[in-house]
Amino acid sequence: MNHKVIVEMSEGLGDRSPRAANAGSRAAHDAAVRVAAPLIIGLFLLAGWELLVRLREIPIYILPAPSQIATELVQSWSVLFPALLLTLEIAALALLLAVISGVGLALLCSLARWIELALMPYAVTLQVTPVVSVAPLILIYVDEPRTAVVLCAWIVAFFPILANTMLGLASTDRNLRDLFQLYGANRWQELWFLRLPAALPYFLGGLRIAGGLALIGAVVAEYVAGTAGVGTGLAFRVLEAQYRLNIPRMFAGLFLLALTGIAIYLVLSGLSRLLLRHWHESARVREN
Amino acid sequence: MTRDEDSATYPRISQSQAHEQPELVRLEAIDKVFASGTRALAQLDLVLRCGEFVSLLGPSGCGKSTVLRLIAGLVQPTRGRILFTQRLQAGEIGFVFQEPTLMPWATVAANVALPLRLRGVDRGRTEKAVAEALARVGLGSAARAYPHELSGGMKMRVSIARALVTRPSLLLMDEPFAALDEITRARLDEELTRLWQAHGWTVLFVTHSVFEAVYLSTRILVMSARPGRVVAEIPVDAPWPRDEDFRTSPTYTALCRTVSTALRRAMAA
Ligand SMILES: Nc1ncnc2c1ncn2[C@@H]1O[C@H](COP(=O)(O)OP(=O)(O)OP(=O)(O)O)[C@@H](O)[C@H]1O
Ligand SMILES: [Mg+2]
């Protein structure tokens, strides 16, 4: 349910202050709950975990306690952090390529139906074939390991952007299209003023999914590549820690990966909200 | 844009003169069958003369919106002909859709500016024309709002401003005031007739209100239930400008009764 502000015609659009102040305090309260509630749950879980490990005296190579993981994280920061940056860079590059190719292909498909019919089966094939099984092949044929890893990440990130942008480009309001036709808009004007803005929320939805997938793709490729890969990515560090039975470092690496995934999601959600804040239902502050 | 200067010399229309005006559009034996198989119009004939204000009444779903879309060239007839006596350029037909049809990502001003922007009119002139059009519909203060911040009636008025901004010679309006309260509606009715008189527009106006039709029109057309065609034509022979006195005059009451009867008959048929 959305509740729209209905502004009386006589009062124009001025005077919103009391309502705004109200909404402001409610928003602050909302934000506090949003941060505090998961934090409390998290602290409980961590405390339980710590307690379990200590009381049962579980050895560190089976299950390290959170405190041990934290210590490891600090100690191996100089190894893990550069690795994180590298993985992030790969994911970002793959995402960028996915955006360019996904949006480009979606535009191409919207130009002519036969292009869509010709290309979609392959796009879908690319999407449904698991990366884990394609990655070894890519690593064989692409000499440069970094390129290979980027390619794997691109494969998984590409499709949601393509599919969502295509959906967006096809879902412009019929009356608005008529309006553009009535005023003699040419193809480019219709694309620029109507179809692209209308597709934006769909594209951003795809981007949010693709961001997480690009990270997963990069990690999978690093795992598959192992020592033959880029060698210093975060996933590789986790793998390496596993070989050496350095379980706390594995956990520390995983923790950083999860954190990175969340960060990507938050950044892309923020971008989405920023771009749509003026008009799209998804980005609007709800009134009561 | 030269139309504005012409308007001063444009003859004022009274009903007796209207029949002498040249034709603008003629629809001949139009059939419209949609791809879904819906037969919307059958053997529809309709003539619009220059400077007329014609209201189109009929039961819901009888094809009124379809007639407007046909004239605007947004749909093609299945059979029959649509003849224009003069070529109308893009922007010379103003269309107020039944729904507001605004771009949600654009401000009110940007929405109204759209027709001019599409034609490459320069910024200064666009801004001036937009401000003028918004002032006409009483929304001068809402220029920078986004559509979701407006009420239904306000959105509709934005859509009217957008139709007016190109100074069209033919105005097609699909129940533009249906979402408005009685007072605002009466005010806009008055404003519309004033503008129509000043500018010499030709207006085809769809409405469900018999009273509104009688107040506004030089001629009223009543359509039958689907498949729609024109079954009654009622000239409104009353002088302009029409004011509140007209709304209470015996002529007005009699006309309303005539139109109501015709409409009831059309619905029963
Ligand atoms: N694009 C379309 N495809 C299929 N059928 C359509 C289409 N547009 C309209 N129709 C059908 O044509 C008929 C006439 O529609 P139209 O919108 O012209 O009616 P209307 O007289 O404007 O009705 P209302 O007063 O309710 O607005 C309806 O039965 C409708 O279902
Ligand atoms: Mg209609």
# chains A, B, ... in the order shown; residues from 1 in each chain; ligands from 1
$ residues_near_ligand --ligand "ligand 1" --cutoff "9 Å" --atoms "only C-alpha atoms and all ligand atoms" --output "PyMOL selection string"
chain B and resi 32-41+57-69+75+98+174-175+206-208+223+225-228
$ residues_around --residues "Pro201 (chain A)" --least-positions-apart "3" --cutoff "10 Å" --atoms "only C-alpha atoms" --output "list in words"
Asn164, Thr165, Gly168, Leu196, Pro197, Ala198, Leu204, Gly205, Gly206, Leu207, Ser272, Arg273, Leu275, Leu276, His280, Glu281, Ser282 and Ala283 of chain A
$ residues_around --residues "Ala170 (chain A)" --least-positions-apart "4" --cutoff "8 Å" --atoms "only C-alpha atoms" --output "list in words"
Ser110, Met166, Arg195 and Ala199 of chain A
$ write_last_selection --atoms "C-alpha atoms" --output "CSV table (one decimal), in the first residue's frame"
chain,number,residue,atom,x,y,z
A,110,SER,CA,14.7,-3.1,-28.4
A,166,MET,CA,15.0,-5.3,-21.6
A,195,ARG,CA,12.2,4.6,-22.7
A,199,ALA,CA,13.7,1.5,-17.8
$ select_by_dssp --residues "region 28-265 of chain B" --states "alpha helix (DSSP H)" --output "count of residues only"
92
$ interface_residues --of "chain B" --to "chain A" --cutoff "7 Å" --atoms "only C-alpha atoms" --output "CSV table (one decimal) with N, CA and C atoms, in the first residue's frame"
chain,number,residue,atom,x,y,z
B,74,LEU,N,-3.6,7.9,-33.9
B,74,LEU,CA,-2.9,7.0,-33.0
B,74,LEU,C,-3.4,5.6,-33.2
B,90,ALA,N,2.6,18.1,-36.4
B,90,ALA,CA,2.7,17.6,-35.0
B,90,ALA,C,2.6,18.9,-34.1
B,91,GLY,N,1.8,18.7,-33.1
B,91,GLY,CA,1.7,19.9,-32.2
B,91,GLY,C,0.5,20.7,-32.5
B,101,THR,N,-1.5,10.7,-17.8
B,101,THR,CA,-0.4,10.3,-18.7
B,101,THR,C,0.8,11.3,-18.5
B,104,PRO,N,6.4,10.2,-14.7
B,104,PRO,CA,6.6,10.4,-13.3
B,104,PRO,C,8.0,10.9,-12.9
B,105,TRP,N,9.0,10.7,-13.7
B,105,TRP,CA,10.3,11.1,-13.4
B,105,TRP,C,10.6,12.6,-13.7
B,115,PRO,N,6.1,18.7,-25.2
B,115,PRO,CA,5.8,18.9,-26.7
B,115,PRO,C,6.8,19.9,-27.3
B,118,LEU,N,10.4,18.4,-27.7
B,118,LEU,CA,10.5,17.5,-28.8
B,118,LEU,C,10.6,18.2,-30.1
B,141,SER,N,2.1,27.6,-9.1
B,141,SER,CA,3.0,27.3,-8.0
B,141,SER,C,3.5,25.9,-7.9
B,142,ALA,N,3.0,25.0,-8.7
B,142,ALA,CA,3.3,23.6,-8.6
B,142,ALA,C,4.4,23.2,-9.7
B,146,TYR,N,6.7,17.0,-8.4
B,146,TYR,CA,6.7,15.8,-9.2
B,146,TYR,C,5.2,15.3,-9.2
B,148,HIS,N,3.8,12.6,-8.5
B,148,HIS,CA,3.2,11.8,-7.4
B,148,HIS,C,2.9,12.7,-6.2
B,149,GLU,N,3.3,14.0,-6.2
B,149,GLU,CA,3.0,14.9,-5.2
B,149,GLU,C,1.6,15.6,-5.4
B,150,LEU,N,1.0,15.3,-6.5
B,150,LEU,CA,-0.2,16.0,-6.9
B,150,LEU,C,-1.4,15.1,-6.7
B,151,SER,N,-2.6,15.8,-6.5
B,151,SER,CA,-3.8,15.0,-6.5
B,151,SER,C,-4.3,14.7,-7.9
$ atom_distance --atom1 "CA of Trp201 (chain B)" --atom2 "CA of Ser224 (chain B)"
26.8 Å
$ residues_around --residues "Val259 (chain B)" --least-positions-apart "2" --cutoff "10 Å" --atoms "only C-alpha atoms" --output "PDB file with all heavy atoms, in the first residue's frame"
ATOM      1  N   LEU B  57     -21.015  12.352 -26.329  1.00  0.00           N
ATOM      2  CA  LEU B  57     -21.577  11.649 -25.180  1.00  0.00           C
ATOM      3  C   LEU B  57     -21.934  10.237 -25.583  1.00  0.00           C
ATOM      4  O   LEU B  57     -22.272   9.979 -26.746  1.00  0.00           O
ATOM      5  CB  LEU B  57     -22.846  12.355 -24.705  1.00  0.00           C
ATOM      6  CG  LEU B  57     -22.676  13.470 -23.684  1.00  0.00           C
ATOM      7  CD1 LEU B  57     -23.281  14.733 -24.202  1.00  0.00           C
ATOM      8  CD2 LEU B  57     -23.347  13.084 -22.404  1.00  0.00           C
ATOM      9  N   VAL B 210     -24.068  15.519 -19.010  1.00  0.00           N
ATOM     10  CA  VAL B 210     -24.989  16.191 -19.919  1.00  0.00           C
ATOM     11  C   VAL B 210     -24.914  17.703 -19.717  1.00  0.00           C
ATOM     12  O   VAL B 210     -24.870  18.478 -20.666  1.00  0.00           O
ATOM     13  CB  VAL B 210     -26.426  15.665 -19.684  1.00  0.00           C
ATOM     14  CG1 VAL B 210     -27.436  16.523 -20.436  1.00  0.00           C
ATOM     15  CG2 VAL B 210     -26.525  14.210 -20.079  1.00  0.00           C
ATOM     16  N   PHE B 211     -24.855  18.110 -18.438  1.00  0.00           N
ATOM     17  CA  PHE B 211     -24.858  19.542 -18.121  1.00  0.00           C
ATOM     18  C   PHE B 211     -23.615  20.235 -18.672  1.00  0.00           C
ATOM     19  O   PHE B 211     -23.680  21.314 -19.238  1.00  0.00           O
ATOM     20  CB  PHE B 211     -24.941  19.735 -16.601  1.00  0.00           C
ATOM     21  CG  PHE B 211     -26.085  19.001 -15.993  1.00  0.00           C
ATOM     22  CD1 PHE B 211     -25.873  17.833 -15.262  1.00  0.00           C
ATOM     23  CD2 PHE B 211     -27.395  19.446 -16.172  1.00  0.00           C
ATOM     24  CE1 PHE B 211     -26.942  17.146 -14.709  1.00  0.00           C
ATOM     25  CE2 PHE B 211     -28.470  18.756 -15.625  1.00  0.00           C
ATOM     26  CZ  PHE B 211     -28.241  17.599 -14.891  1.00  0.00           C
ATOM     27  N   ALA B 213     -21.803  19.217 -21.155  1.00  0.00           N
ATOM     28  CA  ALA B 213     -21.890  19.222 -22.616  1.00  0.00           C
ATOM     29  C   ALA B 213     -22.737  20.394 -23.107  1.00  0.00           C
ATOM     30  O   ALA B 213     -22.345  21.116 -24.020  1.00  0.00           O
ATOM     31  CB  ALA B 213     -22.462  17.900 -23.107  1.00  0.00           C
ATOM     32  N   VAL B 214     -23.880  20.591 -22.471  1.00  0.00           N
ATOM     33  CA  VAL B 214     -24.769  21.665 -22.909  1.00  0.00           C
ATOM     34  C   VAL B 214     -24.131  23.027 -22.658  1.00  0.00           C
ATOM     35  O   VAL B 214     -24.205  23.929 -23.482  1.00  0.00           O
ATOM     36  CB  VAL B 214     -26.135  21.572 -22.191  1.00  0.00           C
ATOM     37  CG1 VAL B 214     -26.990  22.805 -22.474  1.00  0.00           C
ATOM     38  CG2 VAL B 214     -26.860  20.305 -22.612  1.00  0.00           C
ATOM     39  N   ILE B 220     -23.774  18.842 -29.881  1.00  0.00           N
ATOM     40  CA  ILE B 220     -23.573  17.644 -29.067  1.00  0.00           C
ATOM     41  C   ILE B 220     -23.863  16.410 -29.907  1.00  0.00           C
ATOM     42  O   ILE B 220     -24.871  16.355 -30.620  1.00  0.00           O
ATOM     43  CB  ILE B 220     -24.501  17.658 -27.830  1.00  0.00           C
ATOM     44  CG1 ILE B 220     -24.138  18.842 -26.927  1.00  0.00           C
ATOM     45  CG2 ILE B 220     -24.396  16.351 -27.053  1.00  0.00           C
ATOM     46  CD1 ILE B 220     -25.104  19.048 -25.788  1.00  0.00           C
ATOM     47  N   LEU B 221     -22.957  15.444 -29.853  1.00  0.00           N
ATOM     48  CA  LEU B 221     -23.177  14.185 -30.559  1.00  0.00           C
ATOM     49  C   LEU B 221     -23.363  13.076 -29.537  1.00  0.00           C
ATOM     50  O   LEU B 221     -22.609  12.986 -28.573  1.00  0.00           O
ATOM     51  CB  LEU B 221     -21.975  13.863 -31.454  1.00  0.00           C
ATOM     52  CG  LEU B 221     -21.672  14.886 -32.554  1.00  0.00           C
ATOM     53  CD1 LEU B 221     -20.397  14.514 -33.285  1.00  0.00           C
ATOM     54  CD2 LEU B 221     -22.850  14.978 -33.523  1.00  0.00           C
ATOM     55  N   VAL B 222     -24.379  12.265 -29.754  1.00  0.00           N
ATOM     56  CA  VAL B 222     -24.629  11.156 -28.837  1.00  0.00           C
ATOM     57  C   VAL B 222     -24.338   9.854 -29.567  1.00  0.00           C
ATOM     58  O   VAL B 222     -24.772   9.655 -30.701  1.00  0.00           O
ATOM     59  CB  VAL B 222     -26.096  11.167 -28.341  1.00  0.00           C
ATOM     60  CG1 VAL B 222     -26.353   9.996 -27.404  1.00  0.00           C
ATOM     61  CG2 VAL B 222     -26.393  12.483 -27.646  1.00  0.00           C
ATOM     62  N   ALA B 232     -27.403  10.626 -32.469  1.00  0.00           N
ATOM     63  CA  ALA B 232     -28.175  11.859 -32.329  1.00  0.00           C
ATOM     64  C   ALA B 232     -27.248  13.053 -32.391  1.00  0.00           C
ATOM     65  O   ALA B 232     -26.106  12.989 -31.939  1.00  0.00           O
ATOM     66  CB  ALA B 232     -28.941  11.857 -31.003  1.00  0.00           C
ATOM     67  N   GLU B 233     -27.774  14.123 -32.977  1.00  0.00           N
ATOM     68  CA  GLU B 233     -26.999  15.354 -33.059  1.00  0.00           C
ATOM     69  C   GLU B 233     -27.874  16.481 -32.546  1.00  0.00           C
ATOM     70  O   GLU B 233     -28.977  16.686 -33.030  1.00  0.00           O
ATOM     71  CB  GLU B 233     -26.595  15.607 -34.511  1.00  0.00           C
ATOM     72  CG  GLU B 233     -25.873  16.904 -34.696  1.00  0.00           C
ATOM     73  CD  GLU B 233     -25.462  17.138 -36.150  1.00  0.00           C
ATOM     74  OE1 GLU B 233     -25.735  16.258 -36.993  1.00  0.00           O
ATOM     75  OE2 GLU B 233     -24.896  18.193 -36.415  1.00  0.00           O
ATOM     76  N   ILE B 234     -27.380  17.192 -31.544  1.00  0.00           N
ATOM     77  CA  ILE B 234     -28.178  18.261 -30.952  1.00  0.00           C
ATOM     78  C   ILE B 234     -27.396  19.571 -31.001  1.00  0.00           C
ATOM     79  O   ILE B 234     -26.407  19.725 -30.299  1.00  0.00           O
ATOM     80  CB  ILE B 234     -28.543  17.924 -29.488  1.00  0.00           C
ATOM     81  CG1 ILE B 234     -29.398  16.657 -29.460  1.00  0.00           C
ATOM     82  CG2 ILE B 234     -29.286  19.073 -28.834  1.00  0.00           C
ATOM     83  CD1 ILE B 234     -28.999  15.681 -28.416  1.00  0.00           C
ATOM     84  N   ALA B 254     -34.102  22.970 -20.959  1.00  0.00           N
ATOM     85  CA  ALA B 254     -34.747  22.231 -22.048  1.00  0.00           C
ATOM     86  C   ALA B 254     -33.723  21.407 -22.818  1.00  0.00           C
ATOM     87  O   ALA B 254     -33.954  20.232 -23.140  1.00  0.00           O
ATOM     88  CB  ALA B 254     -35.442  23.210 -22.989  1.00  0.00           C
ATOM     89  N   LEU B 255     -32.581  22.029 -23.086  1.00  0.00           N
ATOM     90  CA  LEU B 255     -31.528  21.328 -23.825  1.00  0.00           C
ATOM     91  C   LEU B 255     -31.027  20.111 -23.051  1.00  0.00           C
ATOM     92  O   LEU B 255     -30.825  19.037 -23.610  1.00  0.00           O
ATOM     93  CB  LEU B 255     -30.369  22.273 -24.116  1.00  0.00           C
ATOM     94  CG  LEU B 255     -30.530  23.152 -25.360  1.00  0.00           C
ATOM     95  CD1 LEU B 255     -29.534  24.287 -25.346  1.00  0.00           C
ATOM     96  CD2 LEU B 255     -30.383  22.313 -26.623  1.00  0.00           C
ATOM     97  N   CYS B 256     -30.844  20.309 -21.752  1.00  0.00           N
ATOM     98  CA  CYS B 256     -30.380  19.198 -20.922  1.00  0.00           C
ATOM     99  C   CYS B 256     -31.353  18.044 -20.998  1.00  0.00           C
ATOM    100  O   CYS B 256     -30.949  16.875 -21.087  1.00  0.00           O
ATOM    101  CB  CYS B 256     -30.224  19.639 -19.461  1.00  0.00           C
ATOM    102  SG  CYS B 256     -28.806  20.712 -19.215  1.00  0.00           S
ATOM    103  N   ARG B 257     -32.644  18.372 -20.993  1.00  0.00           N
ATOM    104  CA  ARG B 257     -33.644  17.309 -21.046  1.00  0.00           C
ATOM    105  C   ARG B 257     -33.562  16.583 -22.385  1.00  0.00           C
ATOM    106  O   ARG B 257     -33.583  15.364 -22.446  1.00  0.00           O
ATOM    107  CB  ARG B 257     -35.045  17.882 -20.808  1.00  0.00           C
ATOM    108  CG  ARG B 257     -36.063  16.808 -20.498  1.00  0.00           C
ATOM    109  CD  ARG B 257     -37.377  17.382 -20.010  1.00  0.00           C
ATOM    110  NE  ARG B 257     -37.224  18.270 -18.867  1.00  0.00           N
ATOM    111  CZ  ARG B 257     -37.732  19.500 -18.793  1.00  0.00           C
ATOM    112  NH1 ARG B 257     -38.408  19.991 -19.814  1.00  0.00           N
ATOM    113  NH2 ARG B 257     -37.564  20.223 -17.714  1.00  0.00           N
ATOM    114  N   THR B 261     -32.614  12.628 -22.815  1.00  0.00           N
ATOM    115  CA  THR B 261     -33.520  11.692 -23.488  1.00  0.00           C
ATOM    116  C   THR B 261     -32.788  10.943 -24.597  1.00  0.00           C
ATOM    117  O   THR B 261     -32.893   9.718 -24.712  1.00  0.00           O
ATOM    118  CB  THR B 261     -34.722  12.450 -24.076  1.00  0.00           C
ATOM    119  OG1 THR B 261     -35.238  13.311 -23.077  1.00  0.00           O
ATOM    120  CG2 THR B 261     -35.788  11.490 -24.556  1.00  0.00           C
ATOM    121  N   ALA B 262     -32.024  11.720 -25.385  1.00  0.00           N
ATOM    122  CA  ALA B 262     -31.290  11.094 -26.491  1.00  0.00           C
ATOM    123  C   ALA B 262     -30.308  10.058 -25.962  1.00  0.00           C
ATOM    124  O   ALA B 262     -30.149   8.971 -26.525  1.00  0.00           O
ATOM    125  CB  ALA B 262     -30.551  12.164 -27.293  1.00  0.00           C
ATOM    126  N   LEU B 263     -29.662  10.411 -24.858  1.00  0.00           N
ATOM    127  CA  LEU B 263     -28.664   9.511 -24.272  1.00  0.00           C
ATOM    128  C   LEU B 263     -29.326   8.242 -23.743  1.00  0.00           C
ATOM    129  O   LEU B 263     -28.829   7.127 -23.948  1.00  0.00           O
ATOM    130  CB  LEU B 263     -27.944  10.239 -23.137  1.00  0.00           C
ATOM    131  CG  LEU B 263     -26.685   9.582 -22.586  1.00  0.00           C
ATOM    132  CD1 LEU B 263     -25.660   9.387 -23.682  1.00  0.00           C
ATOM    133  CD2 LEU B 263     -26.095  10.438 -21.467  1.00  0.00           C
ATOM    134  N   ARG B 264     -30.475   8.414 -23.092  1.00  0.00           N
ATOM    135  CA  ARG B 264     -31.172   7.255 -22.548  1.00  0.00           C
ATOM    136  C   ARG B 264     -31.604   6.328 -23.681  1.00  0.00           C
ATOM    137  O   ARG B 264     -31.471   5.124 -23.600  1.00  0.00           O
ATOM    138  CB  ARG B 264     -32.382   7.707 -21.725  1.00  0.00           C
ATOM    139  CG  ARG B 264     -32.723   6.732 -20.611  1.00  0.00           C
ATOM    140  CD  ARG B 264     -33.745   7.272 -19.647  1.00  0.00           C
ATOM    141  NE  ARG B 264     -33.428   8.586 -19.113  1.00  0.00           N
ATOM    142  CZ  ARG B 264     -34.209   9.662 -19.267  1.00  0.00           C
ATOM    143  NH1 ARG B 264     -35.335   9.568 -19.958  1.00  0.00           N
ATOM    144  NH2 ARG B 264     -33.867  10.811 -18.747  1.00  0.00           N
ATOM    145  N   ARG B 265     -32.074   6.945 -24.761  1.00  0.00           N
ATOM    146  CA  ARG B 265     -32.506   6.151 -25.906  1.00  0.00           C
ATOM    147  C   ARG B 265     -31.313   5.389 -26.520  1.00  0.00           C
ATOM    148  O   ARG B 265     -31.411   4.231 -26.872  1.00  0.00           O
ATOM    149  CB  ARG B 265     -33.156   7.062 -26.944  1.00  0.00           C
ATOM    150  CG  ARG B 265     -34.304   6.395 -27.677  1.00  0.00           C
ATOM    151  CD  ARG B 265     -35.033   7.366 -28.584  1.00  0.00           C
ATOM    152  NE  ARG B 265     -35.953   8.251 -27.894  1.00  0.00           N
ATOM    153  CZ  ARG B 265     -36.166   9.534 -28.212  1.00  0.00           C
ATOM    154  NH1 ARG B 265     -35.469  10.102 -29.190  1.00  0.00           N
ATOM    155  NH2 ARG B 265     -37.036  10.248 -27.566  1.00  0.00           N
TER     156      ARG B 265
END
